[in-house]
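Just model_8.pdb here, PDB, C-alpha atoms and all ligand atoms:
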```
ATOM      1  CA  MET V   1      23.781 -25.943   1.564  1.00  0.00           C
ATOM      2  CA  ASN V   2      23.038 -22.971   3.783  1.00  0.00           C
ATOM      3  CA  LEU V   3      20.173 -20.566   3.323  1.00  0.00           C
ATOM      4  CA  PHE V   4      22.288 -17.981   1.537  1.00  0.00           C
ATOM      5  CA  GLN V   5      23.568 -20.491  -1.031  1.00  0.00           C
ATOM      6  CA  ALA V   6      20.053 -21.819  -1.540  1.00  0.00           C
ATOM      7  CA  ARG V   7      18.834 -18.316  -2.278  1.00  0.00           C
ATOM      8  CA  ARG V   8      21.683 -17.594  -4.673  1.00  0.00           C
ATOM      9  CA  LYS V   9      20.992 -20.746  -6.625  1.00  0.00           C
ATOM     10  CA  GLY V  10      17.385 -19.674  -6.928  1.00  0.00           C
ATOM     11  CA  SER V  11      15.916 -22.586  -5.007  1.00  0.00           C
ATOM     12  CA  PRO V  12      12.372 -21.891  -3.949  1.00  0.00           C
ATOM     13  CA  LEU V  13      12.259 -20.612  -0.387  1.00  0.00           C
ATOM     14  CA  ARG V  14       9.007 -20.825   1.473  1.00  0.00           C
ATOM     15  CA  MET V  15       8.627 -18.056   4.015  1.00  0.00           C
ATOM     16  CA  SER V  16       5.326 -18.044   5.908  1.00  0.00           C
ATOM     17  CA  GLY V  17       3.402 -18.995   2.794  1.00  0.00           C
ATOM     18  CA  LEU V  18       4.568 -15.983   0.801  1.00  0.00           C
ATOM     19  CA  ARG V  19       5.857 -16.352  -2.715  1.00  0.00           C
ATOM     20  CA  LYS V  20       9.448 -15.333  -3.246  1.00  0.00           C
ATOM     21  CA  PHE V  21      10.153 -12.429  -5.566  1.00  0.00           C
ATOM     22  CA  GLU V  22      13.419 -10.878  -6.621  1.00  0.00           C
ATOM     23  CA  ALA V  23      14.792  -8.790  -3.743  1.00  0.00           C
ATOM     24  CA  GLY V  24      14.105  -5.103  -4.145  1.00  0.00           C
ATOM     25  CA  SER V  25      11.439  -5.597  -6.816  1.00  0.00           C
ATOM     26  CA  ASP V  26       8.085  -3.824  -6.790  1.00  0.00           C
ATOM     27  CA  ALA V  27       6.418  -7.165  -6.023  1.00  0.00           C
ATOM     28  CA  THR V  28       8.556  -7.670  -2.898  1.00  0.00           C
ATOM     29  CA  PHE V  29       7.635  -4.272  -1.486  1.00  0.00           C
ATOM     30  CA  MET V  30       3.990  -4.795  -2.413  1.00  0.00           C
ATOM     31  CA  GLN V  31       4.100  -7.996  -0.387  1.00  0.00           C
ATOM     32  CA  SER V  32       5.161  -5.941   2.624  1.00  0.00           C
ATOM     33  CA  ALA V  33       2.223  -3.593   1.956  1.00  0.00           C
ATOM     34  CA  LEU V  34      -0.043  -6.667   1.766  1.00  0.00           C
ATOM     35  CA  SER V  35       1.211  -7.856   5.169  1.00  0.00           C
ATOM     36  CA  GLU V  36       0.199  -4.461   6.551  1.00  0.00           C
ATOM     37  CA  ALA V  37      -3.225  -4.817   4.901  1.00  0.00           C
ATOM     38  CA  GLU V  38      -3.653  -8.210   6.592  1.00  0.00           C
ATOM     39  CA  ARG V  39      -2.931  -6.564   9.945  1.00  0.00           C
ATOM     40  CA  ALA V  40      -5.706  -4.040   9.232  1.00  0.00           C
ATOM     41  CA  ALA V  41      -8.120  -6.890   8.466  1.00  0.00           C
ATOM     42  CA  ARG V  42      -7.254  -8.605  11.749  1.00  0.00           C
ATOM     43  CA  GLU V  43      -8.097  -5.355  13.547  1.00  0.00           C
ATOM     44  CA  GLY V  44     -11.456  -5.108  11.767  1.00  0.00           C
ATOM     45  CA  GLU V  45     -10.345  -2.226   9.526  1.00  0.00           C
ATOM     46  CA  VAL V  46     -10.737  -2.218   5.729  1.00  0.00           C
ATOM     47  CA  PRO V  47      -7.584  -4.093   4.620  1.00  0.00           C
ATOM     48  CA  VAL V  48      -5.333  -1.507   3.012  1.00  0.00           C
ATOM     49  CA  GLY V  49      -1.601  -1.405   3.672  1.00  0.00           C
ATOM     50  CA  ALA V  50       1.237   0.849   2.572  1.00  0.00           C
ATOM     51  CA  VAL V  51       5.028   1.112   2.778  1.00  0.00           C
ATOM     52  CA  ILE V  52       7.481   3.824   1.735  1.00  0.00           C
ATOM     53  CA  VAL V  53      10.825   2.865   0.231  1.00  0.00           C
ATOM     54  CA  GLN V  54      13.905   5.042  -0.108  1.00  0.00           C
ATOM     55  CA  GLY V  55      17.261   3.823  -1.388  1.00  0.00           C
ATOM     56  CA  GLY V  56      15.943   0.270  -1.713  1.00  0.00           C
ATOM     57  CA  LYS V  57      14.876   0.097   1.958  1.00  0.00           C
ATOM     58  CA  ILE V  58      11.510   0.329   3.669  1.00  0.00           C
ATOM     59  CA  ILE V  59      11.584   3.442   5.862  1.00  0.00           C
ATOM     60  CA  ALA V  60       7.931   3.409   7.007  1.00  0.00           C
ATOM     61  CA  ARG V  61       4.934   1.076   7.032  1.00  0.00           C
ATOM     62  CA  ALA V  62       1.312   1.541   8.042  1.00  0.00           C
ATOM     63  CA  HIS V  63      -2.173   0.109   7.705  1.00  0.00           C
ATOM     64  CA  ASN V  64      -5.655   1.562   7.624  1.00  0.00           C
ATOM     65  CA  ARG V  65      -6.875   2.679  11.094  1.00  0.00           C
ATOM     66  CA  PRO V  66      -9.796   5.139  10.817  1.00  0.00           C
ATOM     67  CA  ILE V  67     -12.043   3.091  13.143  1.00  0.00           C
ATOM     68  CA  HIS V  68      -9.456   2.666  15.913  1.00  0.00           C
ATOM     69  CA  LEU V  69      -8.304   6.262  15.786  1.00  0.00           C
ATOM     70  CA  SER V  70     -11.795   7.743  15.138  1.00  0.00           C
ATOM     71  CA  ASP V  71     -10.054   9.630  12.356  1.00  0.00           C
ATOM     72  CA  PRO V  72     -11.474   9.828   8.821  1.00  0.00           C
ATOM     73  CA  GLY V  73      -7.976  10.740   7.635  1.00  0.00           C
ATOM     74  CA  ALA V  74      -6.258   7.664   9.060  1.00  0.00           C
ATOM     75  CA  HIS V  75      -5.878   5.898   5.719  1.00  0.00           C
ATOM     76  CA  ALA V  76      -2.785   3.695   5.368  1.00  0.00           C
ATOM     77  CA  GLU V  77      -1.189   6.151   2.943  1.00  0.00           C
ATOM     78  CA  MET V  78      -1.675   9.198   5.226  1.00  0.00           C
ATOM     79  CA  LEU V  79      -0.198   7.337   8.188  1.00  0.00           C
ATOM     80  CA  VAL V  80       2.780   6.048   6.214  1.00  0.00           C
ATOM     81  CA  LEU V  81       3.487   9.530   4.773  1.00  0.00           C
ATOM     82  CA  ARG V  82       3.511  10.998   8.303  1.00  0.00           C
ATOM     83  CA  ARG V  83       5.809   8.268   9.587  1.00  0.00           C
ATOM     84  CA  ALA V  84       8.252   8.681   6.698  1.00  0.00           C
ATOM     85  CA  GLY V  85       8.242  12.470   7.176  1.00  0.00           C
ATOM     86  CA  ARG V  86       9.076  12.104  10.868  1.00  0.00           C
ATOM     87  CA  LYS V  87      11.804   9.605  10.076  1.00  0.00           C
ATOM     88  CA  LEU V  88      13.434  11.815   7.455  1.00  0.00           C
ATOM     89  CA  GLY V  89      12.812  15.026   9.396  1.00  0.00           C
ATOM     90  CA  ASN V  90      11.303  16.539   6.275  1.00  0.00           C
ATOM     91  CA  TYR V  91       7.786  16.932   4.911  1.00  0.00           C
ATOM     92  CA  ARG V  92       9.141  16.541   1.377  1.00  0.00           C
ATOM     93  CA  LEU V  93       9.798  12.868   0.734  1.00  0.00           C
ATOM     94  CA  LYS V  94      12.284  13.146  -2.098  1.00  0.00           C
ATOM     95  CA  GLY V  95      13.393   9.995  -3.868  1.00  0.00           C
ATOM     96  CA  CYS V  96      10.697   7.920  -2.164  1.00  0.00           C
ATOM     97  CA  THR V  97       8.361   5.314  -3.625  1.00  0.00           C
ATOM     98  CA  LEU V  98       5.018   4.696  -1.936  1.00  0.00           C
ATOM     99  CA  TYR V  99       3.512   1.207  -2.290  1.00  0.00           C
ATOM    100  CA  VAL V 100      -0.161   0.771  -1.471  1.00  0.00           C
ATOM    101  CA  THR V 101      -2.458  -2.212  -1.987  1.00  0.00           C
ATOM    102  CA  ILE V 102      -5.302  -0.237  -3.605  1.00  0.00           C
ATOM    103  CA  GLU V 103      -5.520   2.880  -5.720  1.00  0.00           C
ATOM    104  CA  PRO V 104      -5.329   5.949  -3.455  1.00  0.00           C
ATOM    105  CA  CYS V 105      -8.359   8.181  -2.817  1.00  0.00           C
ATOM    106  CA  ALA V 106      -8.353  11.950  -3.537  1.00  0.00           C
ATOM    107  CA  MET V 107      -7.143  12.842  -0.020  1.00  0.00           C
ATOM    108  CA  CYS V 108      -4.191  10.444  -0.103  1.00  0.00           C
ATOM    109  CA  ALA V 109      -3.303  11.198  -3.716  1.00  0.00           C
ATOM    110  CA  GLY V 110      -3.255  14.916  -2.862  1.00  0.00           C
ATOM    111  CA  ALA V 111      -0.974  14.304   0.123  1.00  0.00           C
ATOM    112  CA  MET V 112       1.410  12.307  -2.088  1.00  0.00           C
ATOM    113  CA  VAL V 113       1.662  15.250  -4.490  1.00  0.00           C
ATOM    114  CA  VAL V 114       2.315  17.651  -1.580  1.00  0.00           C
ATOM    115  CA  ALA V 115       5.012  15.294  -0.229  1.00  0.00           C
ATOM    116  CA  ARG V 116       6.685  15.140  -3.671  1.00  0.00           C
ATOM    117  CA  ILE V 117       6.592  11.349  -3.708  1.00  0.00           C
ATOM    118  CA  GLU V 118       8.621  10.227  -6.728  1.00  0.00           C
ATOM    119  CA  ARG V 119       6.794   7.003  -7.570  1.00  0.00           C
ATOM    120  CA  VAL V 120       3.448   5.555  -6.565  1.00  0.00           C
ATOM    121  CA  VAL V 121       2.943   1.822  -6.998  1.00  0.00           C
ATOM    122  CA  PHE V 122      -0.485   0.376  -6.283  1.00  0.00           C
ATOM    123  CA  GLY V 123      -2.141  -3.032  -6.572  1.00  0.00           C
ATOM    124  CA  ALA V 124      -5.865  -3.079  -7.343  1.00  0.00           C
ATOM    125  CA  ARG V 125      -7.858  -0.264  -8.911  1.00  0.00           C
ATOM    126  CA  ASP V 126     -10.661   1.350  -6.902  1.00  0.00           C
ATOM    127  CA  PRO V 127     -13.546   2.057  -9.275  1.00  0.00           C
ATOM    128  CA  LYS V 128     -15.483   3.844  -6.491  1.00  0.00           C
ATOM    129  CA  ALA V 129     -12.906   6.287  -5.128  1.00  0.00           C
ATOM    130  CA  GLY V 130      -9.596   5.893  -6.988  1.00  0.00           C
ATOM    131  CA  ALA V 131      -7.814   9.168  -7.697  1.00  0.00           C
ATOM    132  CA  ALA V 132      -5.096   7.797  -9.961  1.00  0.00           C
ATOM    133  CA  GLY V 133      -7.341   7.693 -13.001  1.00  0.00           C
ATOM    134  CA  SER V 134     -10.364   5.578 -11.992  1.00  0.00           C
ATOM    135  CA  VAL V 135     -12.708   8.282 -10.651  1.00  0.00           C
ATOM    136  CA  LEU V 136     -10.423  11.317 -10.493  1.00  0.00           C
ATOM    137  CA  SER V 137      -6.943  12.014 -11.818  1.00  0.00           C
ATOM    138  CA  VAL V 138      -5.189  13.736  -8.937  1.00  0.00           C
ATOM    139  CA  ILE V 139      -1.945  11.811  -9.385  1.00  0.00           C
ATOM    140  CA  GLY V 140      -0.560  12.555 -12.807  1.00  0.00           C
ATOM    141  CA  ASN V 141      -2.759  15.591 -13.335  1.00  0.00           C
ATOM    142  CA  PRO V 142      -0.847  17.841 -15.776  1.00  0.00           C
ATOM    143  CA  ARG V 143      -2.166  20.983 -14.036  1.00  0.00           C
ATOM    144  CA  LEU V 144      -0.392  20.129 -10.776  1.00  0.00           C
ATOM    145  CA  ASN V 145       3.237  21.120 -10.267  1.00  0.00           C
ATOM    146  CA  HIS V 146       4.357  17.643  -9.223  1.00  0.00           C
ATOM    147  CA  ARG V 147       3.488  14.436 -11.023  1.00  0.00           C
ATOM    148  CA  PRO V 148       4.678  11.201  -9.435  1.00  0.00           C
ATOM    149  CA  GLU V 149       5.334   8.288 -11.749  1.00  0.00           C
ATOM    150  CA  VAL V 150       2.488   5.772 -11.350  1.00  0.00           C
ATOM    151  CA  VAL V 151       2.677   1.995 -11.669  1.00  0.00           C
ATOM    152  CA  SER V 152      -0.544  -0.005 -11.244  1.00  0.00           C
ATOM    153  CA  GLY V 153      -1.515  -3.656 -11.088  1.00  0.00           C
ATOM    154  CA  VAL V 154       1.386  -4.964  -8.957  1.00  0.00           C
ATOM    155  CA  LEU V 155       0.084  -8.135  -7.194  1.00  0.00           C
ATOM    156  CA  GLU V 156      -3.345  -6.855  -8.192  1.00  0.00           C
ATOM    157  CA  GLY V 157      -5.051 -10.242  -7.687  1.00  0.00           C
ATOM    158  CA  ASP V 158      -3.793 -10.647  -4.108  1.00  0.00           C
ATOM    159  CA  CYS V 159      -4.699  -7.067  -3.177  1.00  0.00           C
ATOM    160  CA  ALA V 160      -8.223  -7.339  -4.612  1.00  0.00           C
ATOM    161  CA  ARG V 161      -8.798 -10.802  -3.111  1.00  0.00           C
ATOM    162  CA  LEU V 162      -7.977  -9.564   0.383  1.00  0.00           C
ATOM    163  CA  LEU V 163     -10.538  -6.751   0.084  1.00  0.00           C
ATOM    164  CA  ARG V 164     -13.202  -9.031  -1.395  1.00  0.00           C
ATOM    165  CA  SER V 165     -12.878 -11.656   1.319  1.00  0.00           C
ATOM    166  CA  PHE V 166     -12.945  -8.952   4.015  1.00  0.00           C
ATOM    167  CA  PHE V 167     -16.197  -7.480   2.724  1.00  0.00           C
ATOM    168  CA  ARG V 168     -17.693 -10.932   2.188  1.00  0.00           C
ATOM    169  CA  SER V 169     -17.134 -11.889   5.830  1.00  0.00           C
ATOM    170  CA  ALA V 170     -18.233  -8.424   7.018  1.00  0.00           C
ATOM    171  CA  ARG V 171     -21.547  -8.952   5.206  1.00  0.00           C
ATOM    172  CA  LYS V 172     -21.921 -12.365   6.856  1.00  0.00           C
ATOM    173  CA  ARG V 173     -21.246 -10.862  10.295  1.00  0.00           C
ATOM    174  CA  SER V 174     -23.860  -8.155   9.802  1.00  0.00           C
ATOM    175  CA  ARG V 175     -26.573 -10.663   8.827  1.00  0.00           C
ATOM    176  CA  PRO V 176     -29.182 -11.053  11.599  1.00  0.00           C
ATOM    177  CA  ALA V 177     -28.864 -14.301  13.585  1.00  0.00           C
ATOM    178  CA  ARG V 178     -31.627 -16.831  12.924  1.00  0.00           C
TER
HETATM  179 ZN    ZN M   1      -7.085   7.527   1.097  1.00  0.00          ZN
END
```

Would you write the structure of this file as structure tokens?
Ligand SMILES: [Zn+2]
Amino acid sequence: MNLFQARRKGSPLRMSGLRKFEAGSDATFMQSALSEAERAAREGEVPVGAVIVQGGKIIARAHNRPIHLSDPGAHAEMLVLRRAGRKLGNYRLKGCTLYVTIEPCAMCAGAMVVARIERVVFGARDPKAGAAGSVLSVIGNPRLNHRPEVVSGVLEGDCARLLRSFFRSARKRSRPAR
């Protein structure tokens, strides 16, 4: 049985330890965003990752890089919006879904509204800075002229776990040596 047949029959496929989800599902794209978040963690950045999907295909991916770029605006979502805009040759990202591992902050949520993102899918809520309902309601605010559809809680556990373990080891690193 070749790989294609195995997949069609629904046999479990193990790919680099990732669980297998239905192709094209929100969970699959969130897994790609999670891979980006893991890259951020390896670079010592807060592990947040994002991808933009149009027509069922990922057209841009990015991870958090404010430390490396010395840029307070270099959140994963801002970088992925810029990349998608360049790729499409348009600052309006019509028909696009943005996947991000945690709830976007006010800056990123505002940029998504400006870009006319159609759907925003995020993993874990951010009770300290989330602007999709947790602290502020920038996305979905009825007073704004564009309201992306919002889906939350996709692979929430994995997204939150990655952040928790990053901050846990960062605290350990900052402890004075005995
Ligand atoms: Zn942000």

Need to verify the contact set: Val150 in chain V, 9 Å, all atoms listed in the file, exclusion of same-chain residues closer than 4 positions in sequence. Can you return it as a PyMOL selection string? chain V and resi 118-122+132+139-140

Take the residues from that selection and write them out as a compact mmCIF listing (two decimals), in the coordinates of the input, keeping C-alpha atoms.
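And here is the file that came out, result30.txt:
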```txt
# COMPACT_ATOMS: atom_id res chain seq x y z
CA GLU V 118 8.62 10.23 -6.73
CA ARG V 119 6.79 7.00 -7.57
CA VAL V 120 3.45 5.56 -6.56
CA VAL V 121 2.94 1.82 -7.00
CA PHE V 122 -0.48 0.38 -6.28
CA ALA V 132 -5.10 7.80 -9.96
CA ILE V 139 -1.94 11.81 -9.38
CA GLY V 140 -0.56 12.56 -12.81
```

Identify which of the residues V:Arg147, V:His75, V:Lys57, V:Arg161 lies closest to ligand ZN 1 (chain M), counting all atoms listed in the file when measuring atom-to-atom distances. V:His75

When you draw a straight line from CA of Gly95 in chain V to CA of Val53 in chain V, how long is it in Å?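 Computing the Euclidean distance for CA of Gly95 in chain V and CA of Val53 in chain V yields 8.6 Å.
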
Can you list, as a CSV table (one decimal) with C-alpha atoms, in the coordinates of the input, the residues that the PyMOL selection byres (((not hetatm)) within 12 of (chain M and resi 1)) selects here?
```csv
chain,number,residue,atom,x,y,z
V,46,VAL,CA,-10.7,-2.2,5.7
V,48,VAL,CA,-5.3,-1.5,3.0
V,49,GLY,CA,-1.6,-1.4,3.7
V,50,ALA,CA,1.2,0.8,2.6
V,63,HIS,CA,-2.2,0.1,7.7
V,64,ASN,CA,-5.7,1.6,7.6
V,65,ARG,CA,-6.9,2.7,11.1
V,66,PRO,CA,-9.8,5.1,10.8
V,71,ASP,CA,-10.1,9.6,12.4
V,72,PRO,CA,-11.5,9.8,8.8
V,73,GLY,CA,-8.0,10.7,7.6
V,74,ALA,CA,-6.3,7.7,9.1
V,75,HIS,CA,-5.9,5.9,5.7
V,76,ALA,CA,-2.8,3.7,5.4
V,77,GLU,CA,-1.2,6.2,2.9
V,78,MET,CA,-1.7,9.2,5.2
V,79,LEU,CA,-0.2,7.3,8.2
V,80,VAL,CA,2.8,6.0,6.2
V,81,LEU,CA,3.5,9.5,4.8
V,100,VAL,CA,-0.2,0.8,-1.5
V,101,THR,CA,-2.5,-2.2,-2.0
V,102,ILE,CA,-5.3,-0.2,-3.6
V,103,GLU,CA,-5.5,2.9,-5.7
V,104,PRO,CA,-5.3,5.9,-3.5
V,105,CYS,CA,-8.4,8.2,-2.8
V,106,ALA,CA,-8.4,12.0,-3.5
V,107,MET,CA,-7.1,12.8,0.0
V,108,CYS,CA,-4.2,10.4,-0.1
V,109,ALA,CA,-3.3,11.2,-3.7
V,110,GLY,CA,-3.3,14.9,-2.9
V,111,ALA,CA,-1.0,14.3,0.1
V,112,MET,CA,1.4,12.3,-2.1
V,126,ASP,CA,-10.7,1.4,-6.9
V,128,LYS,CA,-15.5,3.8,-6.5
V,129,ALA,CA,-12.9,6.3,-5.1
V,130,GLY,CA,-9.6,5.9,-7.0
V,131,ALA,CA,-7.8,9.2,-7.7
V,132,ALA,CA,-5.1,7.8,-10.0
V,138,VAL,CA,-5.2,13.7,-8.9
```

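Atom pair CA of Arg173 in chain V / CA of Val135 in chain V: separated by 29.6 Å.
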
Go ahead and compute the interatomic distance for CA of Gln54 in chain V and CA of Glu156 in chain V, in Å to one decimal.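 Answer for the CA of Gln54 in chain V to CA of Glu156 in chain V separation: 22.5 Å.
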